[in-house]
$ cat final24.txt   # compact mmCIF, C-alpha atoms and all ligand atoms
# COMPACT_ATOMS: atom_id res chain seq x y z
CA MET O 73 2.90 56.33 -66.20
CA THR O 74 6.28 58.02 -65.76
CA GLU O 75 4.65 60.23 -63.13
CA LEU O 76 4.98 57.27 -60.77
CA ILE O 77 8.69 57.99 -60.50
CA PRO O 78 9.26 60.95 -58.23
CA PRO O 79 11.37 63.66 -59.89
CA TYR O 80 14.13 63.46 -57.29
CA LEU O 81 14.69 59.81 -58.24
CA SER O 82 14.61 60.35 -61.97
CA ALA O 83 17.13 63.18 -61.71
CA PRO O 84 20.43 61.91 -63.16
CA MET O 85 22.60 62.72 -60.14
CA ALA O 86 22.79 64.78 -57.02
CA ALA O 87 23.62 68.37 -57.80
CA VAL O 88 27.29 68.79 -58.53
CA ASP O 89 29.03 71.97 -57.51
CA ARG O 90 30.10 73.34 -60.89
CA THR O 91 31.53 76.60 -59.57
CA HIS O 92 34.95 75.43 -60.77
CA ALA O 93 36.04 72.90 -63.35
CA CYS O 94 39.31 71.01 -63.18
CA GLU O 95 41.86 72.65 -65.47
CA ASN O 96 43.27 69.26 -66.38
CA CYS O 97 40.20 67.14 -67.07
CA GLY O 98 37.23 69.52 -66.93
CA CYS O 99 35.43 67.63 -64.15
CA SER O 100 33.63 69.18 -61.18
CA PRO O 101 33.69 69.76 -58.29
CA ALA O 102 37.09 71.38 -58.39
CA ALA O 103 38.95 73.85 -56.21
CA GLN O 104 41.99 76.09 -56.29
CA LEU O 105 44.80 74.02 -54.80
CA THR O 106 48.49 74.59 -54.23
CA PHE O 107 50.99 71.85 -53.59
CA ARG O 108 54.65 72.53 -52.94
CA GLY O 109 57.87 70.69 -53.37
CA HIS O 110 61.40 71.27 -52.19
CA ARG O 111 64.75 70.17 -53.47
CA GLY O 112 67.87 70.70 -51.42
CA MET O 113 71.26 70.70 -53.14
CA VAL O 114 73.70 71.40 -50.27
CA VAL O 115 74.22 75.14 -50.89
CA VAL O 116 71.45 75.87 -53.36
CA MET O 117 67.84 74.87 -53.09
CA GLN O 118 64.78 74.87 -55.23
CA PHE O 119 61.22 75.67 -54.22
CA LEU O 120 58.65 74.00 -56.41
CA LYS O 121 55.00 74.92 -56.62
CA ASN O 122 52.05 73.50 -58.49
CA ARG O 123 49.03 75.76 -58.25
CA GLY O 124 45.86 75.15 -60.18
CA VAL O 125 42.18 74.38 -60.17
CA TYR O 126 41.91 70.63 -59.82
CA CYS O 127 39.26 68.03 -59.18
CA ARG O 128 39.82 65.51 -56.39
CA ASP O 129 41.60 62.88 -58.50
CA CYS O 130 43.88 65.28 -60.37
CA GLY O 131 44.63 67.10 -57.10
CA LEU O 132 45.52 63.81 -55.45
CA ALA O 133 47.86 62.95 -58.33
CA VAL O 134 49.64 66.31 -57.93
CA PHE O 135 49.83 65.93 -54.14
CA ARG O 136 51.34 62.46 -54.38
CA THR O 137 53.89 63.40 -57.02
CA MET O 138 55.07 66.58 -55.29
CA THR O 139 55.15 64.99 -51.83
CA SER O 140 56.95 61.82 -52.96
CA ARG O 141 59.65 63.80 -54.75
CA THR O 142 60.13 66.10 -51.78
CA LEU O 143 60.53 63.10 -49.45
CA VAL O 144 63.56 62.02 -51.45
CA GLN O 145 64.95 65.32 -52.75
CA GLY O 146 64.10 67.69 -49.92
CA TRP O 147 66.60 67.00 -47.15
CA TRP O 148 69.94 67.69 -48.77
CA GLY O 149 71.10 70.94 -47.22
CA TYR O 150 71.21 72.66 -43.81
CA ALA O 151 68.33 75.01 -44.56
CA SER O 152 66.54 72.47 -46.71
CA PHE O 153 66.55 70.01 -43.84
CA VAL O 154 64.54 72.47 -41.77
CA ILE O 155 62.35 73.66 -44.65
CA THR O 156 61.29 70.25 -45.95
CA PRO O 157 59.04 69.27 -42.98
CA PHE O 158 57.10 72.51 -43.46
CA ILE O 159 56.67 71.79 -47.16
CA LEU O 160 55.36 68.33 -46.35
CA LEU O 161 53.02 69.73 -43.71
CA TYR O 162 51.74 72.33 -46.18
CA ASN O 163 50.87 69.55 -48.62
CA VAL O 164 49.11 67.53 -45.93
CA PHE O 165 46.78 70.47 -45.30
CA GLY O 166 46.06 70.65 -49.03
CA ARG O 167 45.44 66.92 -49.00
CA LEU O 168 42.78 67.38 -46.29
CA LYS O 169 40.89 69.70 -48.65
CA LEU O 170 40.70 66.89 -51.20
CA ASP O 171 38.91 64.66 -48.69
CA LYS O 172 36.01 67.10 -48.62
CA MET O 173 35.56 67.03 -52.39
CA GLY O 174 33.15 64.66 -54.10
CA ASP O 175 33.82 62.30 -56.98
CA PRO O 176 34.83 64.10 -60.19
CA VAL O 177 31.87 64.36 -62.55
CA PRO O 178 32.38 65.26 -66.22
CA PRO O 179 30.67 68.43 -67.45
CA PRO O 180 27.31 67.91 -69.17
CA GLU O 181 28.70 69.40 -72.36
CA GLY O 182 32.04 70.43 -73.79
CA MET O 183 35.53 69.03 -73.65
CA TRP O 184 36.76 66.83 -70.91
CA ARG O 185 39.09 63.88 -70.46
CA ALA O 186 39.72 61.32 -67.79
CA PRO O 187 41.23 62.72 -64.58
CA TRP O 188 44.84 61.86 -63.83
CA SER O 189 45.18 58.58 -62.06
CA PRO O 190 46.11 59.38 -58.45
CA GLY O 191 48.38 56.32 -58.38
CA ARG O 192 49.58 54.70 -55.21
CA PRO O 193 49.44 56.48 -51.85
CA VAL O 194 52.63 58.26 -50.80
CA TYR O 195 53.34 55.72 -48.04
CA LEU O 196 53.21 52.84 -50.54
CA ARG O 197 55.76 54.37 -52.91
CA PRO O 198 59.47 53.54 -52.79
CA THR O 199 60.17 57.24 -52.17
CA ILE O 200 58.83 56.84 -48.62
CA VAL O 201 62.35 55.65 -47.69
CA GLY O 202 63.22 59.38 -47.84
CA LEU O 203 61.62 59.66 -44.41
CA ALA O 204 64.53 57.65 -43.06
CA VAL O 205 66.88 60.60 -43.74
CA PRO O 206 65.54 62.99 -41.06
CA LEU O 207 64.93 60.10 -38.66
CA ALA O 208 68.54 58.97 -39.06
CA VAL O 209 69.91 62.49 -38.61
CA VAL O 210 67.77 63.17 -35.54
CA GLY O 211 68.72 59.75 -34.17
CA LEU O 212 72.43 60.52 -34.63
CA ILE O 213 72.04 63.89 -32.90
CA ILE O 214 70.24 62.29 -29.95
CA ALA O 215 72.89 59.56 -29.76
CA ALA O 216 75.64 62.20 -29.78
CA VAL O 217 73.95 64.26 -27.04
CA VAL O 218 73.31 61.20 -24.90
CA SER O 219 76.81 59.84 -25.25
CA SER O 220 78.39 63.22 -24.44
CA ALA O 221 76.09 63.58 -21.43
CA LEU O 222 77.04 60.08 -20.26
CA SER O 223 80.77 60.71 -20.70
CA SER O 224 80.62 64.03 -18.84
CA THR O 225 78.74 62.58 -15.86
CA GLY O 226 80.72 59.36 -15.84
CA GLY O 227 84.11 61.04 -16.16
ZN ZN Z 1 40.69 66.66 -62.89
$ encode --input "final24.txt" --output "structure tokens" --more "lines below"
Ligand SMILES: [Zn+2]
Amino acid sequence: MTELIPPYLSAPMAAVDRTHACENCGCSPAAQLTFRGHRGMVVVMQFLKNRGVYCRDCGLAVFRTMTSRTLVQGWWGYASFVITPFILLYNVFGRLKLDKMGDPVPPPEGMWRAPWSPGRPVYLRPTIVGLAVPLAVVGLIIAAVVSSALSSTGG
């Protein structure tokens, strides 16, 4: 009587793209992803990179860690101040890739472990206060330009 169940319903799951397996947990689907970080230290700076084949959850964990750190550590130098927004933008594009990936599914056989917990979104982490740094600097520049313009026309 099992013939009453059509095969497409008795199949365990929709086909999972197993072209790649996450290098951290072994789940699929996974994709080659690169997330960057930046650390400015006045005169020196550090470019950080995390490149690997990750499933959606592990990739999200890497994105959030790298982006949160960069938000706090990125701004502290003349060049770093300009570089950091590009690093953040680069990560946002990588983050968009994750949206297209399905839930991580363990491999049918072999070793695997639970994916990294993605944790809280970047905007819910205390490190989001790092965004205040460029806003404050840009605000000060605008204030300086406006006040000098006002004093030159008023004088
Ligand atoms: Zn994973």
$ residues_around --input "final24.txt" --residues "Pro206 in chain O" --least-positions-apart "6" --cutoff "12 Å" --atoms "only C-alpha atoms" --output "ChimeraX atom specification"
/O:143-150,152-157,200,212-213
$ residues_near_ligand --input "final24.txt" --ligand "ligand ZN 1 (chain Z)" --cutoff "6 Å" --atoms "all atoms listed in the file" --output "CSV table (one decimal) with C-alpha atoms, keeping the file's coordinate frame"
chain,number,residue,atom,x,y,z
O,94,CYS,CA,39.3,71.0,-63.2
O,96,ASN,CA,43.3,69.3,-66.4
O,97,CYS,CA,40.2,67.1,-67.1
O,99,CYS,CA,35.4,67.6,-64.2
O,126,TYR,CA,41.9,70.6,-59.8
O,127,CYS,CA,39.3,68.0,-59.2
O,129,ASP,CA,41.6,62.9,-58.5
O,130,CYS,CA,43.9,65.3,-60.4
O,187,PRO,CA,41.2,62.7,-64.6
$ closest_residue --input "final24.txt" --among "O:Val125, O:Leu105, O:Ala186, O:Leu196" --to "Tyr162 in chain O" --atoms "all atoms listed in the file"
O:Leu105
$ axis_aligned_box --input "final24.txt" --around "range 198-204 of chain O" --padding-each-side "5 Å" --output "AutoDock Vina command-line options"
--center_x 61.7 --center_y 56.6 --center_z -47.9 --size_x 15.7 --size_y 16.1 --size_z 19.7
$ closest_residue --input "final24.txt" --among "O:Thr137, O:Asn163, O:Thr225, O:Ser219" --to "Gly191 in chain O" --atoms "only C-alpha atoms"
O:Thr137
$ residues_near_point --input "final24.txt" --point "(51.6, 71.8, -63.6)" --cutoff "10 Å" --atoms "all atoms listed in the file" --output "JSON, numbers by chain"
{"O": [95, 96, 121, 122, 123, 124, 134]}
$ closest_residue --input "final24.txt" --among "O:Val115, O:Leu120, O:Met173, O:Val194" --to "Ala133 in chain O" --atoms "all atoms listed in the file"
O:Val194
$ atom_distance --input "final24.txt" --atom1 "CA of Leu160 in chain O" --atom2 "CA of Thr142 in chain O"
7.6 Å
$ atom_distance --input "final24.txt" --atom1 "CA of Leu168 in chain O" --atom2 "CA of Val205 in chain O"
25.2 Å
$ residues_around --input "final24.txt" --residues "Leu132 in chain O" --least-positions-apart "6" --cutoff "8 Å" --atoms "all atoms listed in the file" --output "number ranges by chain"
O: 167, 170, 190
$ atom_distance --input "final24.txt" --atom1 "CA of Arg136 in chain O" --atom2 "CA of Asp171 in chain O"
13.8 Å
$ closest_residue --input "final24.txt" --among "O:Gln118, O:Thr106, O:Thr91, O:Ser140" --to "Arg192 in chain O" --atoms "only C-alpha atoms"
O:Ser140
$ residues_around --input "final24.txt" --residues "Pro178 in chain O" --least-positions-apart "4" --cutoff "8 Å" --atoms "all atoms listed in the file" --output "ChimeraX atom specification"
/O:98-100,184
$ write_last_selection --input "final24.txt" --atoms "C-alpha atoms" --output "JSON list (two decimals), in the coordinates of the input"
[["chain", "number", "residue", "atom", "x", "y", "z"],
["O", 98, "GLY", "CA", 37.23, 69.52, -66.93],
["O", 99, "CYS", "CA", 35.43, 67.63, -64.15],
["O", 100, "SER", "CA", 33.63, 69.18, -61.18],
["O", 184, "TRP", "CA", 36.76, 66.83, -70.91]]
$ residues_around --input "final24.txt" --residues "His92 in chain O" --least-positions-apart "6" --cutoff "7 Å" --atoms "all atoms listed in the file" --output "number ranges by chain"
O: 100-103
$ closest_residue --input "final24.txt" --among "O:Val177, O:Val114, O:Leu222, O:Leu207" --to "Ala93 in chain O" --atoms "only C-alpha atoms"
O:Val177
$ decode --input "final24.txt" --residues "range 99-141 of chain O" --atoms "N, CA and C atoms" --output "PDB file, in the first residue's frame"
ATOM      1  N   CYS O  99      27.929  21.190   6.101  1.00  0.00           N
ATOM      2  CA  CYS O  99      26.586  21.274   5.540  1.00  0.00           C
ATOM      3  C   CYS O  99      26.621  21.838   4.117  1.00  0.00           C
ATOM      4  N   SER O 100      25.525  21.585   3.401  1.00  0.00           N
ATOM      5  CA  SER O 100      25.303  22.141   2.068  1.00  0.00           C
ATOM      6  C   SER O 100      23.923  22.794   2.064  1.00  0.00           C
ATOM      7  N   PRO O 101      23.604  23.705   1.180  1.00  0.00           N
ATOM      8  CA  PRO O 101      24.532  24.276   0.192  1.00  0.00           C
ATOM      9  C   PRO O 101      25.565  25.196   0.842  1.00  0.00           C
ATOM     10  N   ALA O 102      26.678  25.347   0.142  1.00  0.00           N
ATOM     11  CA  ALA O 102      27.732  26.219   0.615  1.00  0.00           C
ATOM     12  C   ALA O 102      28.340  26.915  -0.593  1.00  0.00           C
ATOM     13  N   ALA O 103      29.030  27.997  -0.356  1.00  0.00           N
ATOM     14  CA  ALA O 103      29.627  28.754  -1.457  1.00  0.00           C
ATOM     15  C   ALA O 103      30.926  29.385  -0.985  1.00  0.00           C
ATOM     16  N   GLN O 104      31.776  29.673  -1.961  1.00  0.00           N
ATOM     17  CA  GLN O 104      33.023  30.388  -1.659  1.00  0.00           C
ATOM     18  C   GLN O 104      32.672  31.828  -1.301  1.00  0.00           C
ATOM     19  N   LEU O 105      33.054  32.244  -0.118  1.00  0.00           N
ATOM     20  CA  LEU O 105      32.718  33.582   0.359  1.00  0.00           C
ATOM     21  C   LEU O 105      33.972  34.252   0.895  1.00  0.00           C
ATOM     22  N   THR O 106      34.017  35.571   0.750  1.00  0.00           N
ATOM     23  CA  THR O 106      35.110  36.340   1.331  1.00  0.00           C
ATOM     24  C   THR O 106      34.517  37.504   2.107  1.00  0.00           C
ATOM     25  N   PHE O 107      34.904  37.618   3.352  1.00  0.00           N
ATOM     26  CA  PHE O 107      34.515  38.782   4.139  1.00  0.00           C
ATOM     27  C   PHE O 107      35.782  39.472   4.612  1.00  0.00           C
ATOM     28  N   ARG O 108      35.739  40.791   4.650  1.00  0.00           N
ATOM     29  CA  ARG O 108      36.931  41.565   4.976  1.00  0.00           C
ATOM     30  C   ARG O 108      36.733  42.365   6.246  1.00  0.00           C
ATOM     31  N   GLY O 109      37.841  42.702   6.828  1.00  0.00           N
ATOM     32  CA  GLY O 109      37.832  43.563   7.997  1.00  0.00           C
ATOM     33  C   GLY O 109      38.926  44.593   7.847  1.00  0.00           C
ATOM     34  N   HIS O 110      38.843  45.651   8.629  1.00  0.00           N
ATOM     35  CA  HIS O 110      39.882  46.665   8.580  1.00  0.00           C
ATOM     36  C   HIS O 110      40.102  47.205   9.983  1.00  0.00           C
ATOM     37  N   ARG O 111      41.371  47.472  10.256  1.00  0.00           N
ATOM     38  CA  ARG O 111      41.717  48.017  11.561  1.00  0.00           C
ATOM     39  C   ARG O 111      42.683  49.173  11.322  1.00  0.00           C
ATOM     40  N   GLY O 112      42.260  50.347  11.701  1.00  0.00           N
ATOM     41  CA  GLY O 112      43.115  51.517  11.540  1.00  0.00           C
ATOM     42  C   GLY O 112      43.819  51.820  12.851  1.00  0.00           C
ATOM     43  N   MET O 113      45.134  52.107  12.754  1.00  0.00           N
ATOM     44  CA  MET O 113      45.897  52.424  13.969  1.00  0.00           C
ATOM     45  C   MET O 113      46.747  53.664  13.689  1.00  0.00           C
ATOM     46  N   VAL O 114      46.090  54.783  13.383  1.00  0.00           N
ATOM     47  CA  VAL O 114      46.662  56.085  13.094  1.00  0.00           C
ATOM     48  C   VAL O 114      47.615  56.031  11.895  1.00  0.00           C
ATOM     49  N   VAL O 115      48.844  55.513  12.072  1.00  0.00           N
ATOM     50  CA  VAL O 115      49.761  55.490  10.936  1.00  0.00           C
ATOM     51  C   VAL O 115      49.815  54.127  10.260  1.00  0.00           C
ATOM     52  N   VAL O 116      49.620  53.074  11.024  1.00  0.00           N
ATOM     53  CA  VAL O 116      49.598  51.752  10.405  1.00  0.00           C
ATOM     54  C   VAL O 116      48.158  51.283  10.312  1.00  0.00           C
ATOM     55  N   MET O 117      47.947  50.292   9.471  1.00  0.00           N
ATOM     56  CA  MET O 117      46.608  49.731   9.348  1.00  0.00           C
ATOM     57  C   MET O 117      46.725  48.271   9.029  1.00  0.00           C
ATOM     58  N   GLN O 118      45.634  47.583   9.235  1.00  0.00           N
ATOM     59  CA  GLN O 118      45.635  46.139   9.060  1.00  0.00           C
ATOM     60  C   GLN O 118      44.421  45.755   8.223  1.00  0.00           C
ATOM     61  N   PHE O 119      44.681  45.020   7.146  1.00  0.00           N
ATOM     62  CA  PHE O 119      43.588  44.488   6.339  1.00  0.00           C
ATOM     63  C   PHE O 119      43.355  43.041   6.746  1.00  0.00           C
ATOM     64  N   LEU O 120      42.138  42.729   7.083  1.00  0.00           N
ATOM     65  CA  LEU O 120      41.802  41.375   7.509  1.00  0.00           C
ATOM     66  C   LEU O 120      40.915  40.733   6.448  1.00  0.00           C
ATOM     67  N   LYS O 121      41.072  39.437   6.299  1.00  0.00           N
ATOM     68  CA  LYS O 121      40.292  38.735   5.285  1.00  0.00           C
ATOM     69  C   LYS O 121      39.953  37.354   5.794  1.00  0.00           C
ATOM     70  N   ASN O 122      38.720  36.964   5.610  1.00  0.00           N
ATOM     71  CA  ASN O 122      38.316  35.599   5.937  1.00  0.00           C
ATOM     72  C   ASN O 122      37.654  34.997   4.701  1.00  0.00           C
ATOM     73  N   ARG O 123      38.388  34.127   4.030  1.00  0.00           N
ATOM     74  CA  ARG O 123      37.906  33.534   2.794  1.00  0.00           C
ATOM     75  C   ARG O 123      37.713  32.046   3.029  1.00  0.00           C
ATOM     76  N   GLY O 124      36.585  31.526   2.607  1.00  0.00           N
ATOM     77  CA  GLY O 124      36.364  30.106   2.785  1.00  0.00           C
ATOM     78  C   GLY O 124      35.070  29.670   2.143  1.00  0.00           C
ATOM     79  N   VAL O 125      34.855  28.370   2.154  1.00  0.00           N
ATOM     80  CA  VAL O 125      33.601  27.810   1.662  1.00  0.00           C
ATOM     81  C   VAL O 125      32.703  27.616   2.869  1.00  0.00           C
ATOM     82  N   TYR O 126      31.621  28.377   2.911  1.00  0.00           N
ATOM     83  CA  TYR O 126      30.758  28.360   4.085  1.00  0.00           C
ATOM     84  C   TYR O 126      29.299  28.134   3.690  1.00  0.00           C
ATOM     85  N   CYS O 127      28.561  27.511   4.598  1.00  0.00           N
ATOM     86  CA  CYS O 127      27.119  27.440   4.446  1.00  0.00           C
ATOM     87  C   CYS O 127      26.537  28.785   4.889  1.00  0.00           C
ATOM     88  N   ARG O 128      25.226  28.934   4.791  1.00  0.00           N
ATOM     89  CA  ARG O 128      24.598  30.214   5.096  1.00  0.00           C
ATOM     90  C   ARG O 128      24.849  30.641   6.541  1.00  0.00           C
ATOM     91  N   ASP O 129      24.665  29.729   7.493  1.00  0.00           N
ATOM     92  CA  ASP O 129      24.786  30.106   8.903  1.00  0.00           C
ATOM     93  C   ASP O 129      26.218  30.435   9.295  1.00  0.00           C
ATOM     94  N   CYS O 130      27.169  29.615   8.842  1.00  0.00           N
ATOM     95  CA  CYS O 130      28.571  29.890   9.162  1.00  0.00           C
ATOM     96  C   CYS O 130      29.014  31.175   8.471  1.00  0.00           C
ATOM     97  N   GLY O 131      28.561  31.383   7.223  1.00  0.00           N
ATOM     98  CA  GLY O 131      28.900  32.608   6.500  1.00  0.00           C
ATOM     99  C   GLY O 131      28.362  33.834   7.207  1.00  0.00           C
ATOM    100  N   LEU O 132      27.140  33.703   7.729  1.00  0.00           N
ATOM    101  CA  LEU O 132      26.530  34.825   8.450  1.00  0.00           C
ATOM    102  C   LEU O 132      27.316  35.134   9.730  1.00  0.00           C
ATOM    103  N   ALA O 133      27.775  34.090  10.399  1.00  0.00           N
ATOM    104  CA  ALA O 133      28.571  34.294  11.614  1.00  0.00           C
ATOM    105  C   ALA O 133      29.857  35.045  11.285  1.00  0.00           C
ATOM    106  N   VAL O 134      30.515  34.666  10.172  1.00  0.00           N
ATOM    107  CA  VAL O 134      31.759  35.335   9.773  1.00  0.00           C
ATOM    108  C   VAL O 134      31.465  36.784   9.390  1.00  0.00           C
ATOM    109  N   PHE O 135      30.414  36.991   8.600  1.00  0.00           N
ATOM    110  CA  PHE O 135      30.041  38.350   8.192  1.00  0.00           C
ATOM    111  C   PHE O 135      29.829  39.250   9.410  1.00  0.00           C
ATOM    112  N   ARG O 136      29.064  38.744  10.371  1.00  0.00           N
ATOM    113  CA  ARG O 136      28.716  39.576  11.525  1.00  0.00           C
ATOM    114  C   ARG O 136      29.928  39.884  12.381  1.00  0.00           C
ATOM    115  N   THR O 137      30.802  38.907  12.555  1.00  0.00           N
ATOM    116  CA  THR O 137      32.001  39.140  13.363  1.00  0.00           C
ATOM    117  C   THR O 137      32.925  40.150  12.688  1.00  0.00           C
ATOM    118  N   MET O 138      33.216  39.930  11.413  1.00  0.00           N
ATOM    119  CA  MET O 138      34.152  40.806  10.702  1.00  0.00           C
ATOM    120  C   MET O 138      33.585  42.229  10.617  1.00  0.00           C
ATOM    121  N   THR O 139      32.297  42.341  10.302  1.00  0.00           N
ATOM    122  CA  THR O 139      31.685  43.655  10.117  1.00  0.00           C
ATOM    123  C   THR O 139      31.596  44.407  11.440  1.00  0.00           C
ATOM    124  N   SER O 140      31.232  43.705  12.511  1.00  0.00           N
ATOM    125  CA  SER O 140      31.114  44.362  13.818  1.00  0.00           C
ATOM    126  C   SER O 140      32.463  44.890  14.292  1.00  0.00           C
ATOM    127  N   ARG O 141      33.505  44.081  14.104  1.00  0.00           N
ATOM    128  CA  ARG O 141      34.838  44.526  14.528  1.00  0.00           C
ATOM    129  C   ARG O 141      35.287  45.729  13.720  1.00  0.00           C
TER     130      ARG O 141
END
